[in-house]
>>> print(open('model.pdb').read())   # PDB, C-alpha atoms and all ligand atoms
ATOM      1  CA  MET A  12      -1.967 -42.469  57.149
ATOM      2  CA  THR A  13       1.371 -44.230  57.173
ATOM      3  CA  ILE A  14       3.187 -44.658  60.446
ATOM      4  CA  VAL A  15       6.794 -43.614  60.096
ATOM      5  CA  ASP A  16       9.985 -44.656  61.828
ATOM      6  CA  ALA A  17      10.236 -41.616  64.040
ATOM      7  CA  THR A  18      13.845 -42.233  65.028
ATOM      8  CA  THR A  19      15.277 -41.614  61.559
ATOM      9  CA  THR A  20      16.358 -38.213  60.310
ATOM     10  CA  PRO A  21      15.133 -37.720  56.723
ATOM     11  CA  PRO A  22      17.858 -37.031  54.133
ATOM     12  CA  CYS A  23      16.400 -33.604  53.342
ATOM     13  CA  ALA A  24      17.072 -32.517  56.927
ATOM     14  CA  SER A  25      20.756 -33.345  56.471
ATOM     15  CA  GLU A  26      21.182 -31.977  52.959
ATOM     16  CA  PRO A  27      18.510 -29.272  52.566
ATOM     17  CA  ALA A  28      20.368 -27.389  49.810
ATOM     18  CA  ASP A  29      19.755 -30.214  47.330
ATOM     19  CA  TYR A  30      16.010 -29.971  47.902
ATOM     20  CA  HIS A  31      16.054 -26.216  47.314
ATOM     21  CA  ASP A  32      17.880 -26.515  43.981
ATOM     22  CA  GLU A  33      15.622 -24.649  41.615
ATOM     23  CA  GLN A  34      16.697 -26.785  38.647
ATOM     24  CA  LEU A  35      15.443 -29.842  40.496
ATOM     25  CA  HIS A  36      12.065 -28.643  41.676
ATOM     26  CA  SER A  37      11.382 -26.517  38.577
ATOM     27  CA  PRO A  38      13.441 -28.270  35.862
ATOM     28  CA  PRO A  39      14.403 -26.325  32.718
ATOM     29  CA  ALA A  40      13.325 -27.576  29.309
ATOM     30  CA  ARG A  41      15.815 -29.987  27.770
ATOM     31  CA  ALA A  42      16.322 -27.599  24.833
ATOM     32  CA  ASN A  43      17.373 -24.757  27.140
ATOM     33  CA  ILE A  44      20.495 -26.359  28.604
ATOM     34  CA  THR A  45      23.521 -28.143  27.190
ATOM     35  CA  ALA A  46      23.868 -31.913  27.016
ATOM     36  CA  ALA A  47      26.447 -31.833  29.814
ATOM     37  CA  GLU A  48      24.172 -29.725  32.034
ATOM     38  CA  TRP A  49      21.261 -32.054  31.308
ATOM     39  CA  GLU A  50      23.370 -35.059  32.249
ATOM     40  CA  ARG A  51      24.482 -33.440  35.517
ATOM     41  CA  LEU A  52      20.921 -32.433  36.349
ATOM     42  CA  SER A  53      19.590 -35.918  35.580
ATOM     43  CA  ALA A  54      22.205 -37.509  37.824
ATOM     44  CA  LYS A  55      21.443 -35.071  40.645
ATOM     45  CA  ARG A  56      17.729 -35.600  40.306
ATOM     46  CA  ALA A  57      18.153 -39.380  40.365
ATOM     47  CA  ALA A  58      20.271 -39.132  43.527
ATOM     48  CA  VAL A  59      17.712 -36.989  45.379
ATOM     49  CA  HIS A  60      14.908 -39.187  44.079
ATOM     50  CA  ARG A  61      16.617 -42.264  45.523
ATOM     51  CA  GLN A  62      16.973 -40.513  48.872
ATOM     52  CA  CYS A  63      13.262 -39.678  48.975
ATOM     53  CA  ALA A  64      12.284 -43.145  47.731
ATOM     54  CA  GLY A  65      14.237 -44.692  50.580
ATOM     55  CA  CYS A  66      13.028 -42.219  53.200
ATOM     56  CA  PRO A  67      10.766 -43.666  55.914
ATOM     57  CA  LEU A  68       8.703 -40.469  55.770
ATOM     58  CA  MET A  69       8.120 -40.718  52.021
ATOM     59  CA  ILE A  70       4.404 -41.563  51.941
ATOM     60  CA  ASP A  71       3.528 -39.242  54.787
ATOM     61  CA  CYS A  72       5.617 -36.490  53.200
ATOM     62  CA  LEU A  73       4.004 -36.955  49.784
ATOM     63  CA  TYR A  74       0.501 -36.901  51.220
ATOM     64  CA  ARG A  75       1.139 -33.744  53.234
ATOM     65  CA  ALA A  76       2.934 -31.970  50.367
ATOM     66  CA  VAL A  77       0.024 -32.730  48.024
ATOM     67  CA  VAL A  78      -2.984 -32.404  50.310
ATOM     68  CA  GLU A  79      -2.062 -30.245  53.278
ATOM     69  CA  VAL A  80       0.732 -27.763  52.548
ATOM     70  CA  ASP A  81       1.858 -26.312  49.228
ATOM     71  CA  VAL A  82       5.570 -26.557  49.962
ATOM     72  CA  SER A  83       8.243 -25.217  47.666
ATOM     73  CA  GLY A  84      11.192 -27.287  46.564
ATOM     74  CA  TYR A  85      11.700 -30.912  45.673
ATOM     75  CA  ALA A  86       9.859 -33.207  48.100
ATOM     76  CA  ALA A  87       8.825 -36.843  48.224
ATOM     77  CA  CYS A  88      10.145 -37.657  44.715
ATOM     78  CA  THR A  89       8.101 -34.833  43.215
ATOM     79  CA  THR A  90       8.646 -31.401  41.727
ATOM     80  CA  GLU A  91       6.239 -28.546  42.396
ATOM     81  CA  PHE A  92       4.688 -29.179  38.980
ATOM     82  CA  ASP A  93       4.218 -32.872  39.786
ATOM     83  CA  ARG A  94       2.303 -31.997  42.943
ATOM     84  CA  GLN A  95       0.159 -29.512  41.056
ATOM     85  CA  GLN A  96      -0.717 -32.281  38.602
ATOM     86  CA  ILE A  97      -1.775 -34.611  41.419
ATOM     87  CA  ARG A  98      -3.899 -31.877  43.025
ATOM     88  CA  HIS A  99      -5.500 -31.134  39.702
ATOM     89  CA  ARG A 100      -6.366 -34.817  39.249
ATOM     90  CA  LEU A 101      -7.837 -34.995  42.747
ATOM     91  CA  GLY A 102      -9.517 -31.571  42.719
ATOM     92  CA  ILE A 103      -7.482 -30.285  45.664
ATOM     93  CA  VAL A 104      -6.932 -26.595  46.380
ATOM     94  CA  ILE A 105      -4.341 -25.677  49.000
ATOM     95  CA  GLN A 106      -5.183 -22.577  50.987
ATOM     96  CA  GLN A 107      -1.915 -21.741  52.716
ATOM     97  CA  PRO A 108       1.277 -21.947  50.649
ATOM     98  CA  SER A 109       4.554 -22.393  52.473
ATOM     99  CA  ALA A 110       7.902 -21.005  51.375
ATOM    100  CA  VAL A 111       9.873 -23.869  52.883
ATOM    101  CA  PRO A 112      10.054 -27.508  51.683
ATOM    102  CA  PHE A 113       8.356 -29.947  54.012
ATOM    103  CA  GLY A 114      10.983 -31.789  55.954
ATOM    104  CA  ALA A 115      13.756 -29.354  55.157
ATOM    105  CA  ALA A 116      15.832 -28.068  58.014
ATOM    106  CA  ARG A 117      16.524 -24.397  58.624
ATOM    107  CA  VAL A 118      18.782 -22.850  55.997
ATOM    108  CA  GLY A 119      20.985 -19.857  56.803
ATOM    109  CA  GLY A 120      19.879 -17.407  59.463
ATOM    110  CA  GLY A 121      16.202 -17.168  58.549
ATOM    111  CA  PRO A 122      13.334 -18.063  60.872
ATOM    112  CA  VAL A 123      12.878 -21.737  61.560
ATOM    113  CA  SER A 124       9.803 -23.112  59.789
ATOM    114  CA  HIS A 125       6.912 -25.010  61.335
ATOM    115  CA  GLU A 126       7.712 -27.927  59.018
ATOM    116  CA  ALA A 127      11.364 -28.008  60.147
ATOM    117  CA  VAL A 128      10.336 -28.124  63.803
ATOM    118  CA  MET A 129       7.807 -30.899  63.187
ATOM    119  CA  THR A 130      10.300 -32.920  61.114
ATOM    120  CA  MET A 131      12.827 -32.656  63.915
ATOM    121  CA  ARG A 132      10.148 -33.684  66.427
ATOM    122  CA  HIS A 133       9.366 -36.752  64.275
ATOM    123  CA  ALA A 134      13.047 -37.596  63.998
ATOM    124  CA  TYR A 135      13.774 -37.141  67.721
ATOM    125  CA  PRO A 136      10.528 -37.859  69.583
ATOM    126  CA  LYS A 137      12.242 -38.207  72.959
ATOM    127  CA  ASP A 138      14.143 -34.920  72.790
ATOM    128  CA  THR A 139      13.193 -32.104  75.134
ATOM    129  CA  CYS A 140      12.226 -28.759  73.646
ATOM    130  CA  HIS A 141      15.634 -27.478  74.654
ATOM    131  CA  GLN A 142      17.400 -30.296  72.765
ATOM    132  CA  LEU A 143      15.248 -29.722  69.688
ATOM    133  CA  ALA A 144      16.058 -26.017  69.857
ATOM    134  CA  ASP A 145      19.770 -26.849  69.932
ATOM    135  CA  ARG A 146      19.394 -29.073  66.865
ATOM    136  CA  LEU A 147      17.508 -26.351  65.006
ATOM    137  CA  ASP A 148      19.688 -23.515  66.262
ATOM    138  CA  CYS A 149      16.693 -21.579  67.497
ATOM    139  CA  SER A 150      15.172 -20.656  70.854
ATOM    140  CA  THR A 151      13.277 -23.080  73.090
ATOM    141  CA  SER A 152      10.280 -20.760  72.998
ATOM    142  CA  THR A 153      10.204 -21.043  69.186
ATOM    143  CA  VAL A 154      10.077 -24.835  69.426
ATOM    144  CA  LYS A 155       7.343 -24.661  72.068
ATOM    145  CA  ARG A 156       5.330 -22.252  69.923
ATOM    146  CA  HIS A 157       5.422 -24.578  66.900
ATOM    147  CA  LEU A 158       4.584 -27.668  68.966
ATOM    148  CA  ARG A 159       1.653 -25.801  70.521
ATOM    149  CA  ARG A 160       0.496 -24.793  67.035
ATOM    150  CA  ALA A 161       0.622 -28.453  65.944
ATOM    151  CA  ARG A 162      -1.477 -29.466  68.962
ATOM    152  CA  GLU A 163      -3.988 -26.720  68.191
ATOM    153  CA  GLN A 164      -4.211 -27.772  64.519
ATOM    154  CA  LYS A 165      -4.814 -31.369  65.580
ATOM    155  CA  HIS A 166      -7.528 -30.211  67.942
ATOM    156  CA  ASP A 167      -9.124 -28.057  65.213
ATOM    157  CA  GLU A 168      -9.105 -31.002  62.787
ATOM    158  CA  SER A 169     -10.885 -33.136  65.364
ATOM    159  CA  LEU A 170     -13.686 -30.545  65.335
ATOM    160  CA  LEU A 171     -14.110 -30.586  61.549
ATOM    161  CA  PRO A 172     -17.496 -31.773  60.330
ATOM    162  CA  ARG A 173     -17.507 -35.356  59.032
ATOM    163  CA  GLU A 174     -18.066 -34.289  55.443
ATOM    164  CA  SER A 175     -14.887 -32.133  55.503
ATOM    165  CA  ILE A 176     -12.781 -35.063  56.617
ATOM    166  CA  ALA A 177     -14.423 -37.386  54.129
ATOM    167  CA  SER A 178     -13.597 -34.973  51.284
ATOM    168  CA  ARG A 179      -9.884 -35.448  51.787
ATOM    169  CA  PRO A 180      -8.403 -37.924  49.300
ATOM    170  CA  SER A 181      -7.145 -41.219  50.620
ATOM    171  CA  VAL A 182      -3.440 -42.003  50.749
ATOM    172  CA  ASP A 183      -4.041 -44.653  48.083
ATOM    173  CA  ALA A 184      -5.644 -42.085  45.761
ATOM    174  CA  VAL A 185      -2.608 -39.814  46.091
ATOM    175  CA  LEU A 186      -0.250 -42.741  45.535
ATOM    176  CA  ASP A 187      -2.180 -43.866  42.452
ATOM    177  CA  CYS A 188      -1.756 -40.389  40.925
ATOM    178  CA  PHE A 189       1.905 -40.358  41.918
ATOM    179  CA  ASP A 190       2.472 -43.723  40.216
ATOM    180  CA  GLU A 191       1.241 -42.237  36.947
ATOM    181  CA  LEU A 192       3.843 -39.440  37.011
ATOM    182  CA  GLU A 193       7.021 -39.759  35.024
ATOM    183  CA  SER A 194       8.806 -38.610  38.205
ATOM    184  CA  SER A 195       7.822 -41.783  40.002
ATOM    185  CA  ARG A 196       9.972 -43.743  37.555
ATOM    186  CA  VAL A 197      13.179 -41.719  37.911
ATOM    187  CA  ALA A 198      15.964 -44.020  39.103
TER     188      ALA A 198
HETATM  189  S1  LIG B   1      11.460 -34.563  51.102
HETATM  190 FE1  LIG B   1      10.122 -35.958  52.253
HETATM  191  S2  LIG B   1      10.488 -37.998  51.355
HETATM  192 FE2  LIG B   1      12.189 -36.659  50.719
HETATM  193  S3  LIG B   1      13.781 -36.996  52.237
HETATM  194 FE3  LIG B   1      12.568 -35.236  52.949
HETATM  195  S4  LIG B   1      10.981 -36.088  54.313
HETATM  196 FE4  LIG B   1      11.861 -37.775  53.124
END
>>> encode(input="model.pdb", output="structure tokens", more="lines below")
Ligand code: SF4
Amino acid sequence: MTIVDATTTPPCASEPADYHDEQLHSPPARANITAAEWERLSAKRAAVHRQCAGCPLMIDCLYRAVVEVDVSGYAACTTEFDRQQIRHRLGIVIQQPSAVPFGAARVGGGPVSHEAVMTMRHAYPKDTCHQLADRLDCSTSTVKRHLRRAREQKHDESLLPRESIASRPSVDAVLDCFDELESSRVA
């Protein structure tokens, strides 16, 4: 797995609304919108794509969004359909879908997601739980609960039988499938 620069906040944490834009993560058919709308959408998609492409979490984010969590929204230069295509190629079935894009910060007054807490932890590894809670606008106990859950998941993974771990695709295999997508060439 790729080691990321943990001191950088990913663009999706700063501008989460762009990554929730339904027209980006589930694009309409070209024939169903006007030329002007298509042009605007293409420009917006290219801008978000560039942000993901330049994000230090990109490879880690792509791998997790394809292999570990079925996130909604645009993530790691891919739409939901793109990620389904990669899973289909690799024979992956995700068990627990998530309603929040990986890496996205909390939006509105809803509950803070596990992914948002972990992204903030990656971005600010030296923060206390209290500081992370301030950044996420949630309680310290919520942050502690999600960090404890992450520790427990890591522990559970360490107990997986060897064959389960071996059945996970490599990062290179995921990247190879990604490179074949039209989305990987958006500029
Ligand atoms: S969606 Fe993933 S790759 Fe894109 S900016 Fe967020 S963390 Fe980075």
>>> atom_distance(input="model.pdb", atom1="atom CA of Ser150 of chain A", atom2="atom S2 of ligand LIG 1 (chain B)")
26.5 Å
>>> closest_atom_pairs(input="model.pdb", of="segment 72-99 of chain A", to="segment 125-136 of chain A", cutoff="10 Å", atoms="all atoms listed in the file", output="Markdown table")
| residue | atom | partner | partner_atom | distance |
| --- | --- | --- | --- | --- |
| A:Cys72 | CA | A:Thr130 | CA | 9.9 |
| A:Val80 | CA | A:Glu126 | CA | 9.5 |
| A:Val82 | CA | A:Glu126 | CA | 9.4 |
>>> write_last_selection(input="model.pdb", atoms="C-alpha atoms", output="tab-separated table (two decimals), keeping the file's coordinate frame")
chain	number	residue	atom	x	y	z
A	72	CYS	CA	5.62	-36.49	53.20
A	80	VAL	CA	0.73	-27.76	52.55
A	82	VAL	CA	5.57	-26.56	49.96
>>> closest_residue(input="model.pdb", among="A:His141, A:Arg146, A:Arg100, A:Arg61", to="ligand LIG 1 (chain B)", atoms="only C-alpha atoms and all ligand atoms")
A:Arg61
>>> closest_residue(input="model.pdb", among="A:Ala76, A:Ala144, A:Val104, A:Ala28", to="Arg156 of chain A", atoms="only C-alpha atoms")
A:Ala144
>>> atom_distance(input="model.pdb", atom1="atom CA of Cys66 of chain A", atom2="atom CA of Pro27 of chain A")
14.1 Å
>>> residues_near_point(input="model.pdb", point="(5.2, -33.3, 39.5)", cutoff="12 Å", atoms="all atoms listed in the file", output="PyMOL selection string")
chain A and resi 35-38+73+76-77+83-100+188-197
>>> axis_aligned_box(input="model.pdb", around="ligand LIG 1 (chain B)", padding_each_side="5 Å", output="AutoDock Vina command-line options")
--center_x 12.0 --center_y -36.3 --center_z 52.5 --size_x 13.7 --size_y 13.4 --size_z 13.6
>>> atom_distance(input="model.pdb", atom1="atom CA of Ser53 of chain A", atom2="atom CA of Gln34 of chain A")
10.1 Å
>>> residues_near_ligand(input="model.pdb", ligand="ligand LIG 1 (chain B)", cutoff="8 Å", atoms="only C-alpha atoms and all ligand atoms", output="PDB file with C-alpha atoms, keeping the file's coordinate frame")
ATOM      1  CA  PRO A  21      15.133 -37.720  56.723  1.00  0.00           C
ATOM      2  CA  PRO A  22      17.858 -37.031  54.133  1.00  0.00           C
ATOM      3  CA  CYS A  23      16.400 -33.604  53.342  1.00  0.00           C
ATOM      4  CA  ALA A  24      17.072 -32.517  56.927  1.00  0.00           C
ATOM      5  CA  TYR A  30      16.010 -29.971  47.902  1.00  0.00           C
ATOM      6  CA  VAL A  59      17.712 -36.989  45.379  1.00  0.00           C
ATOM      7  CA  HIS A  60      14.908 -39.187  44.079  1.00  0.00           C
ATOM      8  CA  GLN A  62      16.973 -40.513  48.872  1.00  0.00           C
ATOM      9  CA  CYS A  63      13.262 -39.678  48.975  1.00  0.00           C
ATOM     10  CA  ALA A  64      12.284 -43.145  47.731  1.00  0.00           C
ATOM     11  CA  GLY A  65      14.237 -44.692  50.580  1.00  0.00           C
ATOM     12  CA  CYS A  66      13.028 -42.219  53.200  1.00  0.00           C
ATOM     13  CA  PRO A  67      10.766 -43.666  55.914  1.00  0.00           C
ATOM     14  CA  LEU A  68       8.703 -40.469  55.770  1.00  0.00           C
ATOM     15  CA  MET A  69       8.120 -40.718  52.021  1.00  0.00           C
ATOM     16  CA  ILE A  70       4.404 -41.563  51.941  1.00  0.00           C
ATOM     17  CA  ASP A  71       3.528 -39.242  54.787  1.00  0.00           C
ATOM     18  CA  CYS A  72       5.617 -36.490  53.200  1.00  0.00           C
ATOM     19  CA  LEU A  73       4.004 -36.955  49.784  1.00  0.00           C
ATOM     20  CA  TYR A  85      11.700 -30.912  45.673  1.00  0.00           C
ATOM     21  CA  ALA A  86       9.859 -33.207  48.100  1.00  0.00           C
ATOM     22  CA  ALA A  87       8.825 -36.843  48.224  1.00  0.00           C
ATOM     23  CA  CYS A  88      10.145 -37.657  44.715  1.00  0.00           C
ATOM     24  CA  PRO A 112      10.054 -27.508  51.683  1.00  0.00           C
ATOM     25  CA  PHE A 113       8.356 -29.947  54.012  1.00  0.00           C
ATOM     26  CA  GLY A 114      10.983 -31.789  55.954  1.00  0.00           C
ATOM     27  CA  ALA A 115      13.756 -29.354  55.157  1.00  0.00           C
ATOM     28  CA  THR A 130      10.300 -32.920  61.114  1.00  0.00           C
TER      29      THR A 130
END
>>> closest_residue(input="model.pdb", among="A:Ala46, A:Ile105, A:Val185, A:Val123", to="Thr151 of chain A", atoms="all atoms listed in the file")
A:Val123
>>> closest_residue(input="model.pdb", among="A:Ala47, A:Ile103, A:Gln142, A:Asp32", to="Tyr74 of chain A", atoms="only C-alpha atoms")
A:Ile103
